[in-house]
Each structure stands twice: as C-alpha cells, then as structure tokens.
Amino acid sequence: MTGGQEPGGATALAIVATTPEVLAHPGLDEGLLAPWERRRLAGIRLPSRRDDVLAARLLVRLCVARVTGLPPDTPALAQLCPGCGGQGHGRPYLRGRPEVGVSLSHADGLVAAAVGPGAIGIDVEPSARRPGPVHVLRRLLPDADVAVAAAQPDPGPALLRLWVRAEALLKAGRTGRADQGDIRFIEWTDRPRAAVAAVACATPITIASA
Ligand SMILES: [Zn+2]
C-alpha cells in the first residue's frame, strides 16, 4: 500500500509493526540515523529498548519516504522540546520541511510511525497493557467517551483504546479541547501483533504495512 495524495486533499500515512519486522526490513538500517540519534542509542543499556528506539526511528523514515517520495536517508529528523525548547528530545520534526508532520511511538517490541500534513500524533501499546488512570483520561478526552468505556462490564480494552487516543492527541500537540475541533482519530487493534494504536491528525489517514 502507499500513502501520499488522494483526490481532494492530502492523506496521512500510519504504520504499526513489530520491532523485529522493522529491523529485518530491506533498506532500513542503523546507518540511516543521524549521529545524535546514534549517540542516544549507545546510551540505552537495555537491548530490547534500544532495538525499539532504533526501529521506531527507522519506521518513521520509511513513512516519510513513502509520503514525500524522498529516499529514507534524506530526511533530517530532529526533535524540539515544547517544554524547555531544547533539541534532541520532545516533538519530532523534519528540518527544512515544517509542513510535514511526523510522529513515532514504541512500546515493548512494537513500533509505530505516522507522517502527514500538519500536526500529527501516533501511539501504540501492547493490547495486554493496563490503561492509565481514568481521572487522567477524563481530563484529556470528552467525559462522555470515558464514562461509556468505564461503564462496560470489562472496561479495560475500551479504556486502553481511549488511553492510546489521548497519547496520540498529546503527541499531536492538541491538549486542550478547544484545539481539537479539526482533529480526527483512527484507533485500531492489530490482533496479529497484539497491539492497540491510534492516530490523531486533521486529514484522512491511510494505515499501511511496513
Ligand atoms: Zn525539554
């Protein structure tokens, strides 16, 4: 599958994969990372976590390549912290391509990436993970959605989906409800990979495979 343009407007592209799938992908290897990213990888002691971080950074390059048509070693992936203004952590962006939104996520052997026009956020979690506290969800999402999920006989899966949605919203930089009018969501469960994922952005979203 490919992302890119569809008639009438731009489309975002999202991919969820396992870390081993990405690391085995032809054309993706550690050499694509910038020196600052490789320095950061070298500081991660836990090998599985290091692999997850590497795979997420490779997957976002694959997404950028598919959306922009640029080869995967071209994009200058950078990060800017909205909290302290520092580089190298915080929200990812493409240097020189401010119109292209990028987001990535990793969790316990799973990775996800999304690329599209404007603000975009993606989150992936193992489907067995317990959701975060309901009061935090209430603060981030419309009460009605959280109340409906919490009222189910087994609320865990529905609350986890909302939790993943809330994380995607945070990553898109849309934390206030007044900000969220143009934002649309896709949430899905990837059963073969035992993953729950969500994308938040203002355009239609295509879900592809790596
Ligand atoms: Zn910071």
# chains A, B, ... in the order shown; residues from 1 in each chain; ligands from 1
call {"tool": "residues_near_ligand", "arguments": {"ligand": "ligand 1", "cutoff": "12 Å", "atoms": "only C-alpha atoms and all ligand atoms", "output": "list in words"}}
result
Gln79, Leu80, Cys81, Pro82, Gly83, Cys84, Gly85, Gly86, Gln87, Gly88, His89, Gly90 and Arg91 of chain A
call {"tool": "select_by_dssp", "arguments": {"residues": "chain A", "states": "strand (DSSP E)", "output": "ChimeraX atom specification"}}
result
/A:5-6,9-10,12-18,77-80,91-94,100-107,110-117,120-126,184-190,195-201,205-208
call {"tool": "closest_residue", "arguments": {"among": "A:Ala34, A:Ala210, A:Leu46, A:Ala78", "to": "Leu62 in chain A", "atoms": "only C-alpha atoms"}}
result
A:Ala210
call {"tool": "residues_around", "arguments": {"residues": "range 19-24 of chain A", "least_positions_apart": "4", "cutoff": "10 Å", "atoms": "only C-alpha atoms", "output": "PDB file with all heavy atoms, in the first residue's frame"}}
result
ATOM      1  N   LEU A  28      16.446  -0.648   5.464  1.00  0.00           N
ATOM      2  CA  LEU A  28      16.423   0.113   6.716  1.00  0.00           C
ATOM      3  C   LEU A  28      17.527  -0.410   7.627  1.00  0.00           C
ATOM      4  O   LEU A  28      17.536  -1.586   7.977  1.00  0.00           O
ATOM      5  CB  LEU A  28      15.071  -0.053   7.434  1.00  0.00           C
ATOM      6  CG  LEU A  28      13.836   0.499   6.724  1.00  0.00           C
ATOM      7  CD1 LEU A  28      12.598   0.226   7.573  1.00  0.00           C
ATOM      8  CD2 LEU A  28      13.978   1.993   6.451  1.00  0.00           C
ATOM      9  N   ASP A  29      18.453   0.436   7.987  1.00  0.00           N
ATOM     10  CA  ASP A  29      19.463   0.017   8.962  1.00  0.00           C
ATOM     11  C   ASP A  29      19.972   1.232   9.720  1.00  0.00           C
ATOM     12  O   ASP A  29      19.687   2.375   9.360  1.00  0.00           O
ATOM     13  CB  ASP A  29      20.596  -0.780   8.314  1.00  0.00           C
ATOM     14  CG  ASP A  29      21.434   0.078   7.402  1.00  0.00           C
ATOM     15  OD1 ASP A  29      22.151   0.963   7.895  1.00  0.00           O
ATOM     16  OD2 ASP A  29      21.356  -0.127   6.168  1.00  0.00           O
ATOM     17  N   GLU A  30      20.737   0.932  10.742  1.00  0.00           N
ATOM     18  CA  GLU A  30      21.163   1.955  11.697  1.00  0.00           C
ATOM     19  C   GLU A  30      21.928   3.097  11.047  1.00  0.00           C
ATOM     20  O   GLU A  30      21.955   4.210  11.565  1.00  0.00           O
ATOM     21  CB  GLU A  30      22.018   1.265  12.767  1.00  0.00           C
ATOM     22  CG  GLU A  30      22.140   2.028  14.041  1.00  0.00           C
ATOM     23  CD  GLU A  30      22.824   1.190  15.126  1.00  0.00           C
ATOM     24  OE1 GLU A  30      22.635  -0.048  15.127  1.00  0.00           O
ATOM     25  OE2 GLU A  30      23.533   1.783  15.935  1.00  0.00           O
ATOM     26  N   SER A  48      16.576  -4.653  24.380  1.00  0.00           N
ATOM     27  CA  SER A  48      15.249  -4.660  23.751  1.00  0.00           C
ATOM     28  C   SER A  48      14.734  -3.231  23.578  1.00  0.00           C
ATOM     29  O   SER A  48      14.101  -2.900  22.576  1.00  0.00           O
ATOM     30  CB  SER A  48      14.266  -5.487  24.584  1.00  0.00           C
ATOM     31  OG  SER A  48      14.091  -4.905  25.856  1.00  0.00           O
ATOM     32  N   ARG A  49      15.033  -2.379  24.550  1.00  0.00           N
ATOM     33  CA  ARG A  49      14.591  -0.993  24.432  1.00  0.00           C
ATOM     34  C   ARG A  49      15.374  -0.266  23.335  1.00  0.00           C
ATOM     35  O   ARG A  49      14.819   0.515  22.565  1.00  0.00           O
ATOM     36  CB  ARG A  49      14.753  -0.266  25.771  1.00  0.00           C
ATOM     37  CG  ARG A  49      14.252   1.157  25.693  1.00  0.00           C
ATOM     38  CD  ARG A  49      14.155   1.819  27.050  1.00  0.00           C
ATOM     39  NE  ARG A  49      13.873   3.239  26.880  1.00  0.00           N
ATOM     40  CZ  ARG A  49      12.668   3.729  26.633  1.00  0.00           C
ATOM     41  NH1 ARG A  49      11.620   2.949  26.570  1.00  0.00           N
ATOM     42  NH2 ARG A  49      12.488   5.032  26.465  1.00  0.00           N
ATOM     43  N   ASP A  51      16.557  -1.632  20.680  1.00  0.00           N
ATOM     44  CA  ASP A  51      16.006  -2.085  19.404  1.00  0.00           C
ATOM     45  C   ASP A  51      14.691  -1.371  19.090  1.00  0.00           C
ATOM     46  O   ASP A  51      14.421  -1.021  17.942  1.00  0.00           O
ATOM     47  CB  ASP A  51      15.775  -3.600  19.432  1.00  0.00           C
ATOM     48  CG  ASP A  51      17.075  -4.383  19.291  1.00  0.00           C
ATOM     49  OD1 ASP A  51      18.135  -3.765  19.031  1.00  0.00           O
ATOM     50  OD2 ASP A  51      17.030  -5.615  19.447  1.00  0.00           O
ATOM     51  N   ASP A  52      13.849  -1.181  20.117  1.00  0.00           N
ATOM     52  CA  ASP A  52      12.575  -0.488  19.900  1.00  0.00           C
ATOM     53  C   ASP A  52      12.807   0.953  19.425  1.00  0.00           C
ATOM     54  O   ASP A  52      12.141   1.434  18.509  1.00  0.00           O
ATOM     55  CB  ASP A  52      11.743  -0.453  21.188  1.00  0.00           C
ATOM     56  CG  ASP A  52      11.193  -1.821  21.583  1.00  0.00           C
ATOM     57  OD1 ASP A  52      11.247  -2.756  20.762  1.00  0.00           O
ATOM     58  OD2 ASP A  52      10.709  -1.940  22.732  1.00  0.00           O
ATOM     59  N   VAL A  53      13.729   1.642  20.085  1.00  0.00           N
ATOM     60  CA  VAL A  53      14.010   3.045  19.718  1.00  0.00           C
ATOM     61  C   VAL A  53      14.561   3.108  18.296  1.00  0.00           C
ATOM     62  O   VAL A  53      14.136   3.935  17.483  1.00  0.00           O
ATOM     63  CB  VAL A  53      14.990   3.678  20.731  1.00  0.00           C
ATOM     64  CG1 VAL A  53      15.467   5.047  20.249  1.00  0.00           C
ATOM     65  CG2 VAL A  53      14.329   3.796  22.110  1.00  0.00           C
ATOM     66  N   LEU A  54      15.501   2.203  17.991  1.00  0.00           N
ATOM     67  CA  LEU A  54      16.063   2.164  16.634  1.00  0.00           C
ATOM     68  C   LEU A  54      14.956   1.894  15.603  1.00  0.00           C
ATOM     69  O   LEU A  54      14.856   2.599  14.582  1.00  0.00           O
ATOM     70  CB  LEU A  54      17.143   1.077  16.560  1.00  0.00           C
ATOM     71  CG  LEU A  54      17.684   0.747  15.170  1.00  0.00           C
ATOM     72  CD1 LEU A  54      18.310   1.977  14.516  1.00  0.00           C
ATOM     73  CD2 LEU A  54      18.706  -0.401  15.253  1.00  0.00           C
ATOM     74  N   ALA A  55      14.123   0.883  15.878  1.00  0.00           N
ATOM     75  CA  ALA A  55      13.084   0.511  14.913  1.00  0.00           C
ATOM     76  C   ALA A  55      12.091   1.653  14.699  1.00  0.00           C
ATOM     77  O   ALA A  55      11.660   1.905  13.570  1.00  0.00           O
ATOM     78  CB  ALA A  55      12.361  -0.746  15.386  1.00  0.00           C
ATOM     79  N   ALA A  56      11.731   2.364  15.762  1.00  0.00           N
ATOM     80  CA  ALA A  56      10.781   3.478  15.605  1.00  0.00           C
ATOM     81  C   ALA A  56      11.377   4.562  14.721  1.00  0.00           C
ATOM     82  O   ALA A  56      10.687   5.150  13.882  1.00  0.00           O
ATOM     83  CB  ALA A  56      10.411   4.042  16.982  1.00  0.00           C
ATOM     84  N   ARG A  57      12.668   4.822  14.891  1.00  0.00           N
ATOM     85  CA  ARG A  57      13.315   5.875  14.099  1.00  0.00           C
ATOM     86  C   ARG A  57      13.491   5.460  12.642  1.00  0.00           C
ATOM     87  O   ARG A  57      13.449   6.293  11.738  1.00  0.00           O
ATOM     88  CB  ARG A  57      14.646   6.265  14.745  1.00  0.00           C
ATOM     89  CG  ARG A  57      14.374   6.995  16.028  1.00  0.00           C
ATOM     90  CD  ARG A  57      15.561   7.427  16.815  1.00  0.00           C
ATOM     91  NE  ARG A  57      15.020   8.258  17.878  1.00  0.00           N
ATOM     92  CZ  ARG A  57      14.699   9.540  17.712  1.00  0.00           C
ATOM     93  NH1 ARG A  57      14.949  10.150  16.585  1.00  0.00           N
ATOM     94  NH2 ARG A  57      14.154  10.213  18.695  1.00  0.00           N
ATOM     95  N   LEU A  58      13.667   4.163  12.422  1.00  0.00           N
ATOM     96  CA  LEU A  58      13.734   3.680  11.036  1.00  0.00           C
ATOM     97  C   LEU A  58      12.345   3.697  10.402  1.00  0.00           C
ATOM     98  O   LEU A  58      12.182   4.078   9.236  1.00  0.00           O
ATOM     99  CB  LEU A  58      14.319   2.258  11.008  1.00  0.00           C
ATOM    100  CG  LEU A  58      15.786   2.157  11.422  1.00  0.00           C
ATOM    101  CD1 LEU A  58      16.215   0.691  11.479  1.00  0.00           C
ATOM    102  CD2 LEU A  58      16.688   2.945  10.475  1.00  0.00           C
ATOM    103  N   LEU A  59      11.344   3.308  11.173  1.00  0.00           N
ATOM    104  CA  LEU A  59       9.989   3.253  10.612  1.00  0.00           C
ATOM    105  C   LEU A  59       9.484   4.646  10.229  1.00  0.00           C
ATOM    106  O   LEU A  59       8.817   4.812   9.210  1.00  0.00           O
ATOM    107  CB  LEU A  59       9.038   2.599  11.621  1.00  0.00           C
ATOM    108  CG  LEU A  59       7.632   2.309  11.092  1.00  0.00           C
ATOM    109  CD1 LEU A  59       7.667   1.337   9.912  1.00  0.00           C
ATOM    110  CD2 LEU A  59       6.738   1.750  12.207  1.00  0.00           C
ATOM    111  N   LEU A  62      10.829   5.428   6.924  1.00  0.00           N
ATOM    112  CA  LEU A  62      10.100   4.718   5.864  1.00  0.00           C
ATOM    113  C   LEU A  62       8.806   5.466   5.528  1.00  0.00           C
ATOM    114  O   LEU A  62       8.459   5.643   4.354  1.00  0.00           O
ATOM    115  CB  LEU A  62       9.796   3.288   6.323  1.00  0.00           C
ATOM    116  CG  LEU A  62       9.083   2.397   5.308  1.00  0.00           C
ATOM    117  CD1 LEU A  62      10.014   2.024   4.161  1.00  0.00           C
ATOM    118  CD2 LEU A  62       8.550   1.128   5.973  1.00  0.00           C
ATOM    119  N   HIS A 106       6.969   3.785  20.449  1.00  0.00           N
ATOM    120  CA  HIS A 106       7.462   2.414  20.634  1.00  0.00           C
ATOM    121  C   HIS A 106       7.086   1.940  22.023  1.00  0.00           C
ATOM    122  O   HIS A 106       6.991   2.731  22.952  1.00  0.00           O
ATOM    123  CB  HIS A 106       8.972   2.332  20.421  1.00  0.00           C
ATOM    124  CG  HIS A 106       9.762   3.287  21.258  1.00  0.00           C
ATOM    125  ND1 HIS A 106      10.079   3.047  22.575  1.00  0.00           N
ATOM    126  CD2 HIS A 106      10.271   4.505  20.967  1.00  0.00           C
ATOM    127  CE1 HIS A 106      10.772   4.061  23.038  1.00  0.00           C
ATOM    128  NE2 HIS A 106      10.901   4.971  22.092  1.00  0.00           N
ATOM    129  N   ALA A 107       6.831   0.633  22.112  1.00  0.00           N
ATOM    130  CA  ALA A 107       6.441   0.047  23.395  1.00  0.00           C
ATOM    131  C   ALA A 107       6.641  -1.454  23.349  1.00  0.00           C
ATOM    132  O   ALA A 107       5.937  -2.150  22.622  1.00  0.00           O
ATOM    133  CB  ALA A 107       4.969   0.355  23.693  1.00  0.00           C
ATOM    134  N   ASP A 108       7.602  -1.950  24.100  1.00  0.00           N
ATOM    135  CA  ASP A 108       7.734  -3.397  24.332  1.00  0.00           C
ATOM    136  C   ASP A 108       7.658  -4.241  23.061  1.00  0.00           C
ATOM    137  O   ASP A 108       6.803  -5.115  22.939  1.00  0.00           O
ATOM    138  CB  ASP A 108       6.660  -3.871  25.317  1.00  0.00           C
ATOM    139  CG  ASP A 108       6.822  -3.223  26.678  1.00  0.00           C
ATOM    140  OD1 ASP A 108       7.926  -2.696  26.938  1.00  0.00           O
ATOM    141  OD2 ASP A 108       5.869  -3.234  27.465  1.00  0.00           O
ATOM    142  N   GLY A 109       8.530  -3.975  22.092  1.00  0.00           N
ATOM    143  CA  GLY A 109       8.589  -4.791  20.892  1.00  0.00           C
ATOM    144  C   GLY A 109       7.665  -4.347  19.775  1.00  0.00           C
ATOM    145  O   GLY A 109       7.604  -4.994  18.731  1.00  0.00           O
ATOM    146  N   LEU A 110       6.952  -3.243  20.002  1.00  0.00           N
ATOM    147  CA  LEU A 110       6.063  -2.681  18.982  1.00  0.00           C
ATOM    148  C   LEU A 110       6.536  -1.281  18.626  1.00  0.00           C
ATOM    149  O   LEU A 110       7.012  -0.549  19.496  1.00  0.00           O
ATOM    150  CB  LEU A 110       4.629  -2.583  19.518  1.00  0.00           C
ATOM    151  CG  LEU A 110       3.957  -3.902  19.869  1.00  0.00           C
ATOM    152  CD1 LEU A 110       2.691  -3.631  20.676  1.00  0.00           C
ATOM    153  CD2 LEU A 110       3.637  -4.681  18.600  1.00  0.00           C
ATOM    154  N   VAL A 111       6.349  -0.921  17.367  1.00  0.00           N
ATOM    155  CA  VAL A 111       6.683   0.434  16.940  1.00  0.00           C
ATOM    156  C   VAL A 111       5.593   0.951  16.015  1.00  0.00           C
ATOM    157  O   VAL A 111       4.873   0.167  15.381  1.00  0.00           O
ATOM    158  CB  VAL A 111       8.050   0.503  16.215  1.00  0.00           C
ATOM    159  CG1 VAL A 111       9.181   0.304  17.198  1.00  0.00           C
ATOM    160  CG2 VAL A 111       8.140  -0.513  15.100  1.00  0.00           C
ATOM    161  N   ALA A 112       5.478   2.269  15.951  1.00  0.00           N
ATOM    162  CA  ALA A 112       4.505   2.899  15.064  1.00  0.00           C
ATOM    163  C   ALA A 112       5.062   4.233  14.609  1.00  0.00           C
ATOM    164  O   ALA A 112       5.839   4.868  15.324  1.00  0.00           O
ATOM    165  CB  ALA A 112       3.177   3.100  15.786  1.00  0.00           C
ATOM    166  N   ALA A 210       4.457  -2.189   6.842  1.00  0.00           N
ATOM    167  CA  ALA A 210       5.860  -1.892   6.542  1.00  0.00           C
ATOM    168  C   ALA A 210       6.324  -2.769   5.390  1.00  0.00           C
ATOM    169  O   ALA A 210       7.276  -2.482   4.737  1.00  0.00           O
ATOM    170  CB  ALA A 210       6.729  -2.111   7.783  1.00  0.00           C
TER     171      ALA A 210
END
call {"tool": "residues_around", "arguments": {"residues": "range 166-176 of chain A", "least_positions_apart": "3", "cutoff": "6 Å", "atoms": "only C-alpha atoms", "output": "list in words"}}
result
Ala119, Ile120, Gly121, Ile122, Asp123, Trp163, Asp179, Val199 and Ala200 of chain A
call {"tool": "residues_around", "arguments": {"residues": "Leu77 in chain A", "least_positions_apart": "2", "cutoff": "8 Å", "atoms": "only C-alpha atoms", "output": "list in words"}}
result
Ala34, Pro75, Gln79, Pro92, Tyr93, Leu94 and Arg95 of chain A
call {"tool": "atom_distance", "arguments": {"atom1": "CA of Leu137 in chain A", "atom2": "CA of Arg161 in chain A"}}
result
10.8 Å
call {"tool": "select_by_dssp", "arguments": {"residues": "range 38-148 of chain A", "states": "helix (DSSP H, G or I)", "output": "NGL selection string"}}
result
:A and (38-42 or 47-68 or 134-140 or 143-148)
call {"tool": "atom_distance", "arguments": {"atom1": "CA of Val124 in chain A", "atom2": "CA of Val196 in chain A"}}
result
5.6 Å
call {"tool": "atom_distance", "arguments": {"atom1": "CA of Ile186 in chain A", "atom2": "CA of Ala198 in chain A"}}
result
5.5 Å
call {"tool": "closest_residue", "arguments": {"among": "A:Pro98, A:Gly116, A:Gly43, A:Pro26", "to": "Val60 in chain A", "atoms": "only C-alpha atoms"}}
result
A:Gly116
call {"tool": "residues_around", "arguments": {"residues": "Ser127 in chain A", "least_positions_apart": "4", "cutoff": "10 Å", "atoms": "only C-alpha atoms", "output": "ChimeraX atom specification"}}
result
/A:131,156-157,160-161,189-191,193-197
call {"tool": "residues_around", "arguments": {"residues": "Ala65 in chain A", "least_positions_apart": "5", "cutoff": "10 Å", "atoms": "only C-alpha atoms", "output": "PyMOL selection string"}}
result
chain A and resi 4+59-60+70-75+115
call {"tool": "write_last_selection", "arguments": {"atoms": "N, CA and C atoms", "output": "tab-separated table (two decimals), in the first residue's frame"}}
result
chain	number	residue	atom	x	y	z
A	4	GLY	N	0.41	9.12	0.58
A	4	GLY	CA	0.52	10.22	-0.37
A	4	GLY	C	-0.81	10.87	-0.63
A	59	LEU	N	11.34	3.31	11.17
A	59	LEU	CA	9.99	3.25	10.61
A	59	LEU	C	9.48	4.65	10.23
A	60	VAL	N	9.81	5.64	11.03
A	60	VAL	CA	9.35	6.99	10.67
A	60	VAL	C	10.03	7.45	9.38
A	70	LEU	N	10.95	11.12	-0.98
A	70	LEU	CA	12.39	11.25	-0.75
A	70	LEU	C	12.96	9.91	-0.30
A	71	PRO	N	14.22	9.61	-0.63
A	71	PRO	CA	14.81	8.37	-0.12
A	71	PRO	C	14.94	8.42	1.40
A	72	PRO	N	14.93	7.22	2.06
A	72	PRO	CA	14.87	7.20	3.52
A	72	PRO	C	16.08	7.80	4.23
A	73	ASP	N	17.17	8.01	3.50
A	73	ASP	CA	18.31	8.63	4.18
A	73	ASP	C	18.31	10.15	4.05
A	74	THR	N	17.29	10.69	3.36
A	74	THR	CA	17.26	12.14	3.12
A	74	THR	C	16.74	12.96	4.29
A	75	PRO	N	15.62	12.54	4.89
A	75	PRO	CA	15.00	13.46	5.85
A	75	PRO	C	15.90	13.71	7.05
A	115	VAL	N	3.05	10.02	9.39
A	115	VAL	CA	3.55	11.20	8.69
A	115	VAL	C	2.40	11.78	7.89
call {"tool": "closest_residue", "arguments": {"among": "A:Arg61, A:Leu162, A:Leu41, A:Pro126", "to": "Pro192 in chain A", "atoms": "only C-alpha atoms"}}
result
A:Pro126
call {"tool": "decode", "arguments": {"residues": "range 52-107 of chain A", "atoms": "C-alpha atoms", "output": "PDB file, in the first residue's frame"}}
result
ATOM      1  CA  ASP A  52      12.575  -0.488  19.900  1.00  0.00           C
ATOM      2  CA  VAL A  53      14.010   3.045  19.718  1.00  0.00           C
ATOM      3  CA  LEU A  54      16.063   2.164  16.634  1.00  0.00           C
ATOM      4  CA  ALA A  55      13.084   0.511  14.913  1.00  0.00           C
ATOM      5  CA  ALA A  56      10.781   3.478  15.605  1.00  0.00           C
ATOM      6  CA  ARG A  57      13.315   5.875  14.099  1.00  0.00           C
ATOM      7  CA  LEU A  58      13.734   3.680  11.036  1.00  0.00           C
ATOM      8  CA  LEU A  59       9.989   3.253  10.612  1.00  0.00           C
ATOM      9  CA  VAL A  60       9.351   6.989  10.674  1.00  0.00           C
ATOM     10  CA  ARG A  61      11.920   7.359   7.891  1.00  0.00           C
ATOM     11  CA  LEU A  62      10.100   4.718   5.864  1.00  0.00           C
ATOM     12  CA  CYS A  63       6.855   6.677   6.333  1.00  0.00           C
ATOM     13  CA  VAL A  64       8.493   9.959   5.349  1.00  0.00           C
ATOM     14  CA  ALA A  65       9.960   8.330   2.247  1.00  0.00           C
ATOM     15  CA  ARG A  66       6.562   6.981   1.186  1.00  0.00           C
ATOM     16  CA  VAL A  67       4.733  10.256   1.791  1.00  0.00           C
ATOM     17  CA  THR A  68       7.312  12.638   0.328  1.00  0.00           C
ATOM     18  CA  GLY A  69       8.997  10.432  -2.264  1.00  0.00           C
ATOM     19  CA  LEU A  70      12.390  11.253  -0.747  1.00  0.00           C
ATOM     20  CA  PRO A  71      14.814   8.372  -0.117  1.00  0.00           C
ATOM     21  CA  PRO A  72      14.870   7.195   3.521  1.00  0.00           C
ATOM     22  CA  ASP A  73      18.314   8.633   4.182  1.00  0.00           C
ATOM     23  CA  THR A  74      17.264  12.138   3.122  1.00  0.00           C
ATOM     24  CA  PRO A  75      15.002  13.457   5.852  1.00  0.00           C
ATOM     25  CA  ALA A  76      16.749  15.317   8.635  1.00  0.00           C
ATOM     26  CA  LEU A  77      14.782  14.098  11.604  1.00  0.00           C
ATOM     27  CA  ALA A  78      15.131  16.410  14.591  1.00  0.00           C
ATOM     28  CA  GLN A  79      13.337  16.941  17.879  1.00  0.00           C
ATOM     29  CA  LEU A  80      12.341  20.074  19.712  1.00  0.00           C
ATOM     30  CA  CYS A  81      11.071  20.104  23.269  1.00  0.00           C
ATOM     31  CA  PRO A  82       7.951  22.239  23.736  1.00  0.00           C
ATOM     32  CA  GLY A  83       8.723  22.361  27.465  1.00  0.00           C
ATOM     33  CA  CYS A  84      12.323  23.606  27.624  1.00  0.00           C
ATOM     34  CA  GLY A  85      12.999  24.490  23.983  1.00  0.00           C
ATOM     35  CA  GLY A  86      15.910  22.034  23.898  1.00  0.00           C
ATOM     36  CA  GLN A  87      16.880  19.981  20.836  1.00  0.00           C
ATOM     37  CA  GLY A  88      17.220  16.198  20.740  1.00  0.00           C
ATOM     38  CA  HIS A  89      14.129  15.358  22.764  1.00  0.00           C
ATOM     39  CA  GLY A  90      10.461  16.251  22.611  1.00  0.00           C
ATOM     40  CA  ARG A  91       8.376  16.550  19.465  1.00  0.00           C
ATOM     41  CA  PRO A  92       9.946  15.185  16.282  1.00  0.00           C
ATOM     42  CA  TYR A  93      10.002  17.283  13.115  1.00  0.00           C
ATOM     43  CA  LEU A  94      11.721  17.357   9.746  1.00  0.00           C
ATOM     44  CA  ARG A  95      14.344  20.038   9.421  1.00  0.00           C
ATOM     45  CA  GLY A  96      13.529  22.199   6.412  1.00  0.00           C
ATOM     46  CA  ARG A  97      10.094  20.589   5.920  1.00  0.00           C
ATOM     47  CA  PRO A  98       7.887  22.297   8.515  1.00  0.00           C
ATOM     48  CA  GLU A  99       4.747  21.408   6.553  1.00  0.00           C
ATOM     49  CA  VAL A 100       5.287  17.670   7.099  1.00  0.00           C
ATOM     50  CA  GLY A 101       4.137  16.400  10.489  1.00  0.00           C
ATOM     51  CA  VAL A 102       5.919  13.331  11.898  1.00  0.00           C
ATOM     52  CA  SER A 103       5.260  11.195  14.941  1.00  0.00           C
ATOM     53  CA  LEU A 104       6.648   7.935  16.306  1.00  0.00           C
ATOM     54  CA  SER A 105       5.959   5.563  19.153  1.00  0.00           C
ATOM     55  CA  HIS A 106       7.462   2.414  20.634  1.00  0.00           C
ATOM     56  CA  ALA A 107       6.441   0.047  23.395  1.00  0.00           C
TER      57      ALA A 107
END
